[in-house]
$ cat structure.cif   # mmCIF, C-alpha atoms and all ligand atoms
data_input
#
loop_
_atom_site.label_atom_id
_atom_site.label_comp_id
_atom_site.auth_asym_id
_atom_site.auth_seq_id
_atom_site.Cartn_x
_atom_site.Cartn_y
_atom_site.Cartn_z
CA MET E 1 -26.36 -3.77 -4.93
CA GLU E 2 -26.54 -2.80 -1.25
CA HIS E 3 -28.06 0.52 -0.09
CA PRO E 4 -29.99 1.30 -3.30
CA ASP E 5 -31.77 4.13 -1.42
CA GLU E 6 -28.44 5.85 -0.63
CA PHE E 7 -26.89 5.81 -4.11
CA ASN E 8 -27.93 6.40 -7.67
CA VAL E 9 -25.43 5.47 -10.41
CA VAL E 10 -25.67 8.12 -13.13
CA GLY E 11 -22.70 7.16 -15.29
CA LEU E 12 -20.45 4.15 -15.87
CA ALA E 13 -17.17 3.93 -17.79
CA ALA E 14 -14.81 1.11 -18.70
CA GLY E 15 -11.94 0.46 -21.10
CA SER E 16 -13.18 -1.99 -23.72
CA ASN E 17 -15.34 -4.68 -22.10
CA VAL E 18 -18.64 -4.48 -24.00
CA LYS E 19 -20.34 -7.42 -22.26
CA ALA E 20 -19.52 -6.27 -18.73
CA ILE E 21 -20.69 -2.70 -19.27
CA ILE E 22 -23.98 -3.90 -20.78
CA ALA E 23 -24.56 -6.25 -17.83
CA GLN E 24 -23.82 -3.43 -15.36
CA ALA E 25 -25.99 -0.95 -17.26
CA GLU E 26 -28.91 -3.40 -17.08
CA GLN E 27 -28.39 -3.82 -13.35
CA LEU E 28 -27.75 -0.17 -12.37
CA SER E 29 -29.68 1.85 -15.02
CA PRO E 30 -27.21 4.74 -15.46
CA ALA E 31 -28.08 7.63 -17.78
CA PHE E 32 -24.71 7.37 -19.57
CA ILE E 33 -22.26 4.57 -20.34
CA CYS E 34 -18.80 5.12 -21.80
CA LEU E 35 -16.10 2.90 -23.31
CA VAL E 36 -12.73 4.58 -23.72
CA ASP E 37 -11.68 2.28 -26.57
CA GLN E 38 -13.29 3.74 -29.74
CA ASP E 39 -13.69 0.39 -31.56
CA ALA E 40 -15.28 -1.19 -28.49
CA ALA E 41 -17.61 1.82 -28.20
CA SER E 42 -18.78 1.24 -31.79
CA GLU E 43 -19.35 -2.43 -30.93
CA LEU E 44 -21.31 -1.32 -27.88
CA LYS E 45 -23.54 0.89 -30.02
CA ALA E 46 -24.42 -2.15 -32.16
CA ALA E 47 -24.91 -4.54 -29.23
CA TYR E 48 -26.79 -2.36 -26.70
CA SER E 49 -30.41 -1.37 -27.07
CA GLY E 50 -31.13 -0.01 -23.57
CA PRO E 51 -31.96 3.57 -22.57
CA ALA E 52 -28.47 4.78 -21.52
CA LYS E 53 -26.68 7.21 -23.84
CA ILE E 54 -23.35 5.88 -25.13
CA LEU E 55 -20.17 7.98 -24.88
CA ALA E 56 -16.70 7.14 -26.19
CA GLY E 57 -13.05 7.92 -25.62
CA ASN E 58 -11.38 10.30 -23.18
CA ASP E 59 -13.88 13.01 -24.18
CA GLY E 60 -16.65 10.69 -22.99
CA LEU E 61 -14.84 10.21 -19.67
CA SER E 62 -14.49 13.97 -19.20
CA GLN E 63 -18.20 14.41 -19.98
CA LEU E 64 -19.07 11.84 -17.28
CA CYS E 65 -16.83 13.64 -14.77
CA ALA E 66 -18.66 16.92 -15.51
CA MET E 67 -22.26 15.62 -15.24
CA ASP E 68 -24.43 17.87 -13.06
CA GLU E 69 -26.22 14.82 -11.66
CA ALA E 70 -22.95 13.37 -10.28
CA ASP E 71 -21.70 14.57 -6.90
CA LEU E 72 -19.16 11.79 -6.45
CA VAL E 73 -16.80 10.28 -9.02
CA LEU E 74 -15.00 6.97 -8.41
CA ASN E 75 -11.85 6.84 -10.54
CA ALA E 76 -10.51 3.27 -10.69
CA ILE E 77 -8.75 3.54 -14.07
CA VAL E 78 -5.40 1.73 -14.16
CA GLY E 79 -2.25 3.69 -14.98
CA SER E 80 -1.49 7.24 -16.01
CA ALA E 81 -4.53 7.13 -18.33
CA GLY E 82 -6.55 7.97 -15.17
CA LEU E 83 -5.02 11.43 -14.71
CA SER E 84 -7.29 13.37 -17.06
CA ALA E 85 -10.41 11.95 -15.33
CA THR E 86 -8.95 12.91 -11.92
CA LEU E 87 -8.36 16.48 -13.09
CA ALA E 88 -11.77 16.67 -14.83
CA ALA E 89 -13.60 15.52 -11.67
CA LEU E 90 -11.75 18.05 -9.48
CA GLU E 91 -12.20 20.90 -11.98
CA ASN E 92 -15.93 20.17 -11.91
CA HIS E 93 -15.96 20.35 -8.08
CA LYS E 94 -16.89 16.70 -7.59
CA THR E 95 -15.95 14.65 -4.57
CA LEU E 96 -13.34 12.31 -6.01
CA ALA E 97 -13.00 8.79 -4.61
CA LEU E 98 -9.55 7.98 -5.97
CA ALA E 99 -8.45 4.41 -6.64
CA ASN E 100 -6.17 5.49 -9.52
CA LYS E 101 -2.99 5.95 -7.49
CA GLU E 102 -0.98 6.80 -10.62
CA SER E 103 -2.68 10.24 -10.72
CA LEU E 104 -0.88 11.13 -7.49
CA VAL E 105 2.32 9.21 -8.23
CA ALA E 106 2.91 10.58 -11.70
CA ALA E 107 1.41 14.05 -11.30
CA GLY E 108 1.24 14.75 -7.56
CA PRO E 109 1.91 18.52 -7.83
CA LEU E 110 -0.82 18.92 -10.49
CA VAL E 111 -3.44 16.94 -8.61
CA SER E 112 -2.60 18.58 -5.32
CA ALA E 113 -2.97 22.04 -6.92
CA ALA E 114 -6.32 20.97 -8.47
CA VAL E 115 -7.59 19.79 -5.05
CA LYS E 116 -6.66 23.14 -3.49
CA LYS E 117 -8.32 25.08 -6.32
CA SER E 118 -11.50 22.98 -6.49
CA CYS E 119 -14.27 22.95 -3.91
CA GLY E 120 -14.20 19.20 -4.40
CA ARG E 121 -12.64 16.73 -2.04
CA LEU E 122 -10.31 13.80 -2.56
CA LEU E 123 -11.11 10.59 -0.67
CA PRO E 124 -8.53 7.78 -0.90
CA VAL E 125 -9.88 4.37 -1.96
CA ASP E 126 -6.53 2.55 -2.01
CA SER E 127 -6.94 0.27 1.04
CA GLU E 128 -3.81 1.48 2.88
CA HIS E 129 -4.62 5.16 2.37
CA ASN E 130 -8.24 4.66 3.25
CA ALA E 131 -6.94 3.05 6.48
CA LEU E 132 -4.61 6.02 7.14
CA PHE E 133 -7.46 8.43 6.39
CA GLN E 134 -9.62 6.65 8.99
CA CYS E 135 -6.77 6.69 11.58
CA LEU E 136 -6.14 10.41 10.95
CA THR E 137 -9.77 11.47 11.32
CA GLY E 138 -10.00 13.87 14.27
CA GLU E 139 -6.21 14.15 14.59
CA ALA E 140 -3.94 17.15 13.96
CA THR E 141 -1.28 16.70 11.23
CA ASP E 142 1.43 18.28 13.39
CA GLU E 143 0.86 15.58 16.01
CA VAL E 144 1.64 12.76 13.56
CA SER E 145 5.17 11.39 13.78
CA LYS E 146 4.94 8.82 10.99
CA LEU E 147 2.73 6.83 8.66
CA ILE E 148 3.32 3.10 8.36
CA LEU E 149 2.04 1.41 5.21
CA THR E 150 1.58 -2.34 5.40
CA ALA E 151 2.55 -4.56 2.45
CA SER E 152 1.56 -8.20 2.10
CA GLY E 153 4.88 -8.78 0.35
CA GLY E 154 3.16 -10.42 -2.62
CA PRO E 155 3.68 -14.00 -3.80
CA PHE E 156 7.51 -13.94 -3.69
CA TRP E 157 8.24 -12.42 -0.32
CA GLY E 158 11.02 -14.38 1.41
CA LYS E 159 12.19 -16.03 -1.85
CA PRO E 160 15.91 -15.71 -2.58
CA GLU E 161 16.80 -13.25 -5.36
CA ASN E 162 18.30 -15.92 -7.67
CA GLU E 163 14.98 -17.78 -7.80
CA LEU E 164 13.15 -14.67 -8.92
CA SER E 165 14.75 -14.47 -12.37
CA GLN E 166 12.78 -17.53 -13.48
CA VAL E 167 9.29 -16.62 -12.22
CA THR E 168 6.52 -16.55 -14.82
CA PRO E 169 3.73 -13.99 -15.26
CA ALA E 170 1.25 -16.65 -14.07
CA GLU E 171 3.16 -17.12 -10.79
CA ALA E 172 3.50 -13.37 -10.29
CA LEU E 173 -0.22 -12.86 -10.93
CA ASN E 174 -1.11 -15.32 -8.18
CA HIS E 175 -1.33 -12.81 -5.31
CA PRO E 176 -1.84 -14.53 -1.93
CA ARG E 177 -4.31 -12.00 -0.44
CA TRP E 178 -5.87 -9.63 -2.93
CA ARG E 179 -7.58 -10.21 -6.28
CA MET E 180 -6.57 -7.23 -8.41
CA GLY E 181 -5.84 -6.25 -12.00
CA PRO E 182 -2.61 -7.53 -13.66
CA ARG E 183 -0.54 -4.36 -13.37
CA VAL E 184 -1.11 -3.74 -9.66
CA THR E 185 -0.57 -7.45 -8.95
CA ILE E 186 2.85 -7.41 -10.63
CA ASP E 187 3.63 -4.09 -8.93
CA SER E 188 2.76 -5.79 -5.62
CA ALA E 189 5.15 -8.66 -6.37
CA THR E 190 8.04 -6.20 -7.05
CA LEU E 191 6.95 -3.92 -4.14
CA MET E 192 6.80 -1.03 -6.66
CA ASN E 193 3.13 -0.77 -5.72
CA LYS E 194 4.19 0.01 -2.14
CA GLY E 195 6.71 2.56 -3.43
CA PHE E 196 3.88 4.21 -5.38
CA GLU E 197 1.78 4.16 -2.21
CA VAL E 198 4.54 6.01 -0.29
CA ILE E 199 4.38 8.77 -2.93
CA GLU E 200 0.58 8.67 -2.89
CA ALA E 201 0.56 9.04 0.94
CA HIS E 202 2.94 11.99 0.71
CA TRP E 203 0.54 13.92 -1.54
CA LEU E 204 -2.61 12.87 0.29
CA PHE E 205 -1.46 13.61 3.83
CA ASP E 206 1.29 16.19 3.25
CA LEU E 207 4.02 14.36 5.14
CA ALA E 208 7.74 14.16 4.24
CA PHE E 209 8.85 10.90 2.59
CA GLU E 210 11.25 10.21 5.48
CA ARG E 211 8.22 9.93 7.73
CA ILE E 212 6.43 7.36 5.59
CA GLU E 213 7.55 3.79 6.26
CA VAL E 214 6.71 0.38 4.87
CA ILE E 215 6.36 -2.83 6.89
CA ILE E 216 5.65 -6.34 5.60
CA HIS E 217 2.47 -7.83 7.06
CA PRO E 218 1.65 -11.07 5.22
CA GLN E 219 -1.88 -11.48 6.67
CA SER E 220 -3.17 -8.15 5.18
CA ILE E 221 -5.50 -7.58 8.14
CA VAL E 222 -3.87 -4.38 9.46
CA HIS E 223 -4.31 -2.07 6.48
CA SER E 224 -1.95 0.67 7.76
CA LEU E 225 -0.94 2.52 10.94
CA VAL E 226 -0.27 6.06 12.17
CA GLU E 227 2.23 6.82 14.91
CA PHE E 228 1.70 10.03 16.92
CA ILE E 229 4.19 12.26 18.76
CA ASP E 230 3.18 10.84 22.16
CA GLY E 231 4.09 7.30 21.03
CA SER E 232 0.48 6.17 20.47
CA VAL E 233 -0.13 4.10 17.35
CA LYS E 234 -3.53 3.81 15.68
CA ALA E 235 -4.11 0.97 13.23
CA HIS E 236 -6.98 0.17 10.93
CA LEU E 237 -7.99 -3.49 10.72
CA GLY E 238 -10.63 -5.04 8.55
CA PRO E 239 -11.56 -7.85 6.19
CA THR E 240 -9.27 -8.10 3.14
CA ASP E 241 -11.89 -6.86 0.70
CA MET E 242 -11.77 -3.74 -1.49
CA ARG E 243 -15.52 -3.27 -1.04
CA LEU E 244 -14.76 -1.92 2.46
CA PRO E 245 -12.58 1.10 1.46
CA ILE E 246 -14.94 1.77 -1.46
CA LEU E 247 -17.94 1.75 0.90
CA TYR E 248 -16.20 4.07 3.38
CA SER E 249 -15.31 6.59 0.70
CA PHE E 250 -18.89 6.47 -0.60
CA SER E 251 -20.49 6.84 2.85
CA TRP E 252 -17.96 9.25 4.45
CA PRO E 253 -18.30 10.99 6.87
CA LYS E 254 -20.93 8.41 7.90
CA ARG E 255 -20.62 4.66 8.04
CA LEU E 256 -23.09 2.29 6.40
CA SER E 257 -23.78 -1.33 7.26
CA SER E 258 -22.18 -3.95 5.03
CA SER E 259 -22.69 -7.64 4.35
CA LEU E 260 -18.96 -8.39 4.57
CA ALA E 261 -18.07 -11.27 6.88
CA PRO E 262 -16.87 -9.72 10.17
CA LEU E 263 -13.22 -9.97 11.11
CA ASP E 264 -12.61 -13.06 13.27
CA LEU E 265 -9.29 -12.29 14.99
CA ALA E 266 -9.35 -15.43 17.13
CA GLN E 267 -9.65 -17.50 13.97
CA ILE E 268 -6.88 -15.52 12.20
CA GLY E 269 -4.79 -16.12 15.33
CA ARG E 270 -1.56 -14.42 14.32
CA LEU E 271 -0.64 -11.03 12.91
CA GLU E 272 3.00 -10.88 11.81
CA PHE E 273 5.24 -7.95 10.87
CA PHE E 274 8.66 -7.96 9.21
CA PRO E 275 10.97 -5.20 7.99
CA ALA E 276 10.78 -4.40 4.27
CA ASP E 277 14.36 -4.94 3.12
CA PRO E 278 15.19 -2.36 0.39
CA ALA E 279 18.16 -4.50 -0.71
CA LYS E 280 15.73 -7.27 -1.69
CA ALA E 281 12.98 -4.90 -2.81
CA ARG E 282 14.80 -2.98 -5.51
CA CYS E 283 11.69 -1.29 -6.90
CA LEU E 284 10.77 0.05 -3.45
CA GLY E 285 14.25 1.58 -3.22
CA LEU E 286 13.87 3.13 -6.69
CA ALA E 287 10.52 4.63 -5.69
CA TYR E 288 11.99 6.26 -2.55
CA GLU E 289 14.85 7.62 -4.65
CA ALA E 290 12.54 9.04 -7.33
CA ALA E 291 10.34 10.49 -4.58
CA ARG E 292 13.32 12.17 -2.91
CA LEU E 293 14.56 13.63 -6.22
CA GLY E 294 11.01 14.79 -6.99
CA ARG E 295 9.97 17.01 -9.94
CA SER E 296 9.55 14.76 -13.01
CA TYR E 297 11.31 11.68 -11.54
CA PRO E 298 8.14 10.09 -10.10
CA THR E 299 6.45 10.60 -13.51
CA VAL E 300 9.30 8.70 -15.15
CA LEU E 301 9.18 6.02 -12.45
CA ASN E 302 5.52 5.37 -13.21
CA GLY E 303 5.79 5.51 -17.02
CA ALA E 304 8.83 3.21 -17.14
CA ASP E 305 7.18 0.77 -14.72
CA GLU E 306 4.01 0.66 -16.81
CA VAL E 307 6.03 -0.40 -19.88
CA ALA E 308 8.33 -2.80 -17.98
CA VAL E 309 5.37 -4.59 -16.35
CA ASP E 310 3.58 -4.84 -19.68
CA ASN E 311 6.69 -6.39 -21.27
CA PHE E 312 7.05 -8.84 -18.37
CA LEU E 313 3.41 -9.90 -18.80
CA ARG E 314 4.08 -10.47 -22.52
CA GLU E 315 7.14 -12.57 -21.52
CA ARG E 316 9.58 -10.27 -23.31
CA ILE E 317 11.61 -9.59 -20.13
CA GLY E 318 12.28 -11.48 -16.90
CA PHE E 319 10.86 -10.51 -13.50
CA ASN E 320 14.23 -9.29 -12.19
CA GLU E 321 14.69 -7.04 -15.23
CA ILE E 322 11.72 -4.82 -14.31
CA GLY E 323 13.83 -2.89 -11.76
CA ASN E 324 16.89 -2.68 -14.06
CA ILE E 325 14.86 -1.13 -16.85
CA ILE E 326 13.21 1.47 -14.61
CA ASP E 327 16.61 2.31 -13.07
CA THR E 328 18.19 2.83 -16.52
CA VAL E 329 15.33 5.07 -17.68
CA LEU E 330 15.54 7.14 -14.45
CA GLU E 331 19.30 7.56 -14.96
CA ARG E 332 18.84 8.78 -18.52
CA HIS E 333 16.15 11.29 -17.59
CA GLU E 334 16.78 15.04 -17.73
CA VAL E 335 14.57 16.38 -14.97
CA VAL E 336 11.93 19.09 -15.55
CA ASP E 337 9.01 20.50 -13.55
CA ILE E 338 5.51 19.04 -13.89
CA SER E 339 3.32 22.11 -13.79
CA SER E 340 0.77 21.36 -16.50
CA LEU E 341 -1.00 18.41 -18.08
CA SER E 342 1.17 18.82 -21.19
CA ASP E 343 4.39 18.68 -19.06
CA PHE E 344 3.08 15.43 -17.64
CA GLU E 345 2.13 14.06 -21.07
CA SER E 346 5.50 14.77 -22.63
CA VAL E 347 7.51 13.27 -19.72
CA ASP E 348 5.17 10.24 -19.56
CA ALA E 349 5.55 9.67 -23.32
CA TRP E 350 9.33 10.06 -23.09
CA ALA E 351 9.58 7.58 -20.18
CA LYS E 352 7.44 5.01 -22.00
CA SER E 353 9.31 5.23 -25.31
CA GLU E 354 12.67 5.23 -23.50
CA ALA E 355 11.66 2.09 -21.56
CA GLU E 356 10.65 0.37 -24.83
CA ALA E 357 14.00 1.43 -26.35
CA VAL E 358 15.97 0.12 -23.36
CA ILE E 359 14.09 -3.21 -23.62
CA SER E 360 14.78 -3.51 -27.38
CA ARG E 361 18.48 -2.69 -26.93
CA ARG E 362 19.00 -5.31 -24.20
CA GLY E 363 21.61 -7.91 -24.98
CA LYS E 364 22.63 -6.23 -28.24
MG MG V 1 -3.02 -0.57 -1.89
#

$ encode --input "structure.cif" --output "structure tokens" --more "lines below"
Ligand code: MG
Amino acid sequence: MEHPDEFNVVGLAAGSNVKAIIAQAEQLSPAFICLVDQDAASELKAAYSGPAKILAGNDGLSQLCAMDEADLVLNAIVGSAGLSATLAALENHKTLALANKESLVAAGPLVSAAVKKSCGRLLPVDSEHNALFQCLTGEATDEVSKLILTASGGPFWGKPENELSQVTPAEALNHPRWRMGPRVTIDSATLMNKGFEVIEAHWLFDLAFERIEVIIHPQSIVHSLVEFIDGSVKAHLGPTDMRLPILYSFSWPKRLSSSLAPLDLAQIGRLEFFPADPAKARCLGLAYEAARLGRSYPTVLNGADEVAVDNFLRERIGFNEIGNIIDTVLERHEVVDISSLSDFESVDAWAKSEAEAVISRRGK
């Protein structure tokens, strides 16, 4: 670990990986470790003999988010399961370094209200939003004309639509630039991830969706850009490595040295940009539509996508069907407001069960 004198890890949480959390506990000596999966937590109790106290389940996560010793919480949970930790950290006035974009996508109004109410602060860890945050530092919001999110395009960018129906989970998981978890990698291949990031940027920076654009940039060196009313454009460039946005959100408002290899632009040689074609990127189009309709539509977008991606990974549906399924679930949805955690939970559960039902009914 770099900068051991700057940081002290007081709690660690994971889903179900007993071995990894033990290895990290031995390295970082936290006071508490937590596995959300109850069976895995029981396994951990049997396998671990170190000094950290073991917590389990979502209650354990909430306890970690409330620890007096913690002033900063990094939430990197995947999916809507991360929302309760986001809300717990904000309610407990922690600075929240947010990598769980689904909190803002699926429950933007709730999280935004919690940020306003809490004395805590939300720092974006998602690389594009961390880049925008850095470009916006020292700037006035009313002098911003638009935000431009870069997308690598994923492994299939430029492939004709008819070839996409046959792609396998293994091909879709082979992202050309970033090593990430399975869901976000598939979401990158469909461009749904970029659609989520448009919604995330809206809630983080309080800008209308029409002023948030997406551009394809296969090299993933420019992490995002901000255009100002005078025509100036600020961009953030850096190595393609998630440790950089994590470090910045941990060190903000300072910067700390890092051991990352410096950017060698002469060696990279070429930075290319292409329009993101919504006709080819169906999921991006669906995300803009759900964003524009607002209220519970983005919640449904996220829940249906979570189920569709999971079914694609289990080879129950084809790659091209992901968008169809989300579209059908959005069409069947009767919109409501998301003004409490229970509103979110019931819409999320509806979207997920409806997506499973749509998948089961296919072809019948
Ligand atoms: Mg991102």

$ closest_residue --input "structure.cif" --among "E:Val167, E:Ile216, E:Leu147, E:Leu301" --to "Cys283 in chain E" --atoms "all atoms listed in the file"
E:Leu301

$ atom_distance --input "structure.cif" --atom1 "CA of Leu244 in chain E" --atom2 "CA of His129 in chain E"
12.4 Å

$ residues_near_point --input "structure.cif" --point "(-11.0, 16.2, -3.4)" --cutoff "9 Å" --atoms "only C-alpha atoms" --output "VMD selection string"
chain E and resid 89 to 90 93 to 98 112 114 to 116 118 to 123

$ atom_distance --input "structure.cif" --atom1 "CA of Val125 in chain E" --atom2 "CA of Ala201 in chain E"
11.8 Å

$ closest_atom_pairs --input "structure.cif" --of "chain E" --to "ligand MG 1 (chain V)" --cutoff "8 Å" --atoms "only C-alpha atoms and all ligand atoms" --output "tab-separated table"
residue	atom	partner	partner_atom	distance
E:Asp126	CA	V:MG1	MG	4.7
E:Ser127	CA	V:MG1	MG	5.0
E:Glu128	CA	V:MG1	MG	5.3
E:His129	CA	V:MG1	MG	7.3
E:Asn193	CA	V:MG1	MG	7.2
E:Lys194	CA	V:MG1	MG	7.2
E:Glu197	CA	V:MG1	MG	6.7

$ residues_around --input "structure.cif" --residues "range 260-272 of chain E" --least-positions-apart "2" --cutoff "6 Å" --atoms "all atoms listed in the file" --output "list in words"
His217, Pro239 and Ser258 of chain E

$ residues_around --input "structure.cif" --residues "Ala208 in chain E" --least-positions-apart "2" --cutoff "12 Å" --atoms "only C-alpha atoms" --output "list in words"
Thr141, Asp142, Val144, Ser145, Lys146, Leu147, Val198, Ile199, Glu200, Ala201, His202, Trp203, Leu204, Phe205, Asp206, Glu210, Arg211, Ile212, Glu213, Tyr288, Ala291, Arg292 and Gly294 of chain E

$ write_last_selection --input "structure.cif" --atoms "C-alpha atoms" --output "compact mmCIF listing (two decimals), in the coordinates of the input"
# COMPACT_ATOMS: atom_id res chain seq x y z
CA THR E 141 -1.28 16.70 11.23
CA ASP E 142 1.43 18.28 13.39
CA VAL E 144 1.64 12.76 13.56
CA SER E 145 5.17 11.39 13.78
CA LYS E 146 4.94 8.82 10.99
CA LEU E 147 2.73 6.83 8.66
CA VAL E 198 4.54 6.01 -0.29
CA ILE E 199 4.38 8.77 -2.93
CA GLU E 200 0.58 8.67 -2.89
CA ALA E 201 0.56 9.04 0.94
CA HIS E 202 2.94 11.99 0.71
CA TRP E 203 0.54 13.92 -1.54
CA LEU E 204 -2.61 12.87 0.29
CA PHE E 205 -1.46 13.61 3.83
CA ASP E 206 1.29 16.19 3.25
CA GLU E 210 11.25 10.21 5.48
CA ARG E 211 8.22 9.93 7.73
CA ILE E 212 6.43 7.36 5.59
CA GLU E 213 7.55 3.79 6.26
CA TYR E 288 11.99 6.26 -2.55
CA ALA E 291 10.34 10.49 -4.58
CA ARG E 292 13.32 12.17 -2.91
CA GLY E 294 11.01 14.79 -6.99

$ residues_near_point --input "structure.cif" --point "(12.2, -8.4, 2.4)" --cutoff "8 Å" --atoms "all atoms listed in the file" --output "PyMOL selection string"
chain E and resi 153+157-158+216+274-281

$ atom_distance --input "structure.cif" --atom1 "CA of Ser220 in chain E" --atom2 "CA of Ala189 in chain E"
14.2 Å

$ residues_around --input "structure.cif" --residues "Val184 in chain E" --least-positions-apart "3" --cutoff "12 Å" --atoms "all atoms listed in the file" --output "ChimeraX atom specification"
/E:76-79,99-102,126,154,172-175,178-181,187-197,302,305-306,309-310,313

$ closest_residue --input "structure.cif" --among "E:Phe344, E:Tyr248, E:Phe209, E:Tyr297" --to "Ala107 in chain E" --atoms "all atoms listed in the file"
E:Phe344

$ closest_residue --input "structure.cif" --among "E:Asp71, E:Leu149, E:Thr240, E:Ala20" --to "Pro176 in chain E" --atoms "only C-alpha atoms"
E:Thr240

$ residues_around --input "structure.cif" --residues "Ala23 in chain E" --least-positions-apart "5" --cutoff "12 Å" --atoms "all atoms listed in the file" --output "PyMOL selection string"
chain E and resi 12+17-18+28-30+33+44+47-50

$ closest_residue --input "structure.cif" --among "E:Pro109, E:Phe228, E:Lys159, E:Ser257" --to "Arg243 in chain E" --atoms "only C-alpha atoms"
E:Ser257

$ closest_residue --input "structure.cif" --among "E:Ala357, E:Trp252, E:Ala131, E:Leu286" --to "Val222 in chain E" --atoms "all atoms listed in the file"
E:Ala131

$ closest_residue --input "structure.cif" --among "E:Asp5, E:Glu43, E:Asp348, E:Asp241" --to "Val329 in chain E" --atoms "all atoms listed in the file"
E:Asp348

$ decode --input "structure.cif" --residues "range 172-184 of chain E" --atoms "N, CA, C and O atoms" --output "CSV table (one decimal), in the first residue's frame"
chain,number,residue,atom,x,y,z
E,172,ALA,N,-17.6,-10.7,-25.0
E,172,ALA,CA,-18.1,-9.4,-24.4
E,172,ALA,C,-17.3,-9.0,-23.2
E,172,ALA,O,-17.2,-7.9,-22.8
E,173,LEU,N,-16.8,-10.0,-22.4
E,173,LEU,CA,-16.1,-9.7,-21.2
E,173,LEU,C,-14.6,-9.3,-21.5
E,173,LEU,O,-13.9,-8.8,-20.6
E,174,ASN,N,-14.2,-9.4,-22.8
E,174,ASN,CA,-12.8,-9.1,-23.1
E,174,ASN,C,-12.7,-7.6,-23.5
E,174,ASN,O,-12.6,-7.2,-24.7
E,175,HIS,N,-12.8,-6.7,-22.5
E,175,HIS,CA,-12.8,-5.3,-22.7
E,175,HIS,C,-11.4,-4.8,-23.2
E,175,HIS,O,-10.4,-5.2,-22.6
E,176,PRO,N,-11.3,-4.0,-24.2
E,176,PRO,CA,-10.0,-3.6,-24.8
E,176,PRO,C,-9.1,-2.7,-23.9
E,176,PRO,O,-7.9,-2.7,-24.0
E,177,ARG,N,-9.8,-2.0,-23.0
E,177,ARG,CA,-9.0,-1.0,-22.2
E,177,ARG,C,-9.0,-1.2,-20.7
E,177,ARG,O,-8.0,-0.9,-20.0
E,178,TRP,N,-10.1,-1.5,-20.2
E,178,TRP,CA,-10.3,-1.5,-18.7
E,178,TRP,C,-10.5,-3.0,-18.2
E,178,TRP,O,-11.2,-3.7,-18.8
E,179,ARG,N,-9.9,-3.3,-17.1
E,179,ARG,CA,-10.3,-4.6,-16.4
E,179,ARG,C,-11.3,-4.3,-15.3
E,179,ARG,O,-11.0,-3.6,-14.4
E,180,MET,N,-12.5,-4.8,-15.5
E,180,MET,CA,-13.6,-4.4,-14.6
E,180,MET,C,-14.4,-5.7,-14.3
E,180,MET,O,-14.2,-6.7,-14.8
E,181,GLY,N,-15.4,-5.5,-13.4
E,181,GLY,CA,-16.2,-6.6,-13.0
E,181,GLY,C,-17.1,-7.0,-14.2
E,181,GLY,O,-17.2,-6.2,-15.2
E,182,PRO,N,-17.8,-8.2,-14.2
E,182,PRO,CA,-18.5,-8.7,-15.4
E,182,PRO,C,-19.7,-7.7,-15.7
E,182,PRO,O,-19.9,-7.5,-16.9
E,183,ARG,N,-20.5,-7.2,-14.7
E,183,ARG,CA,-21.6,-6.5,-15.1
E,183,ARG,C,-21.2,-5.2,-15.9
E,183,ARG,O,-21.8,-4.9,-16.9
E,184,VAL,N,-20.3,-4.4,-15.3
E,184,VAL,CA,-19.9,-3.2,-15.9
E,184,VAL,C,-19.2,-3.4,-17.3
E,184,VAL,O,-19.4,-2.6,-18.2
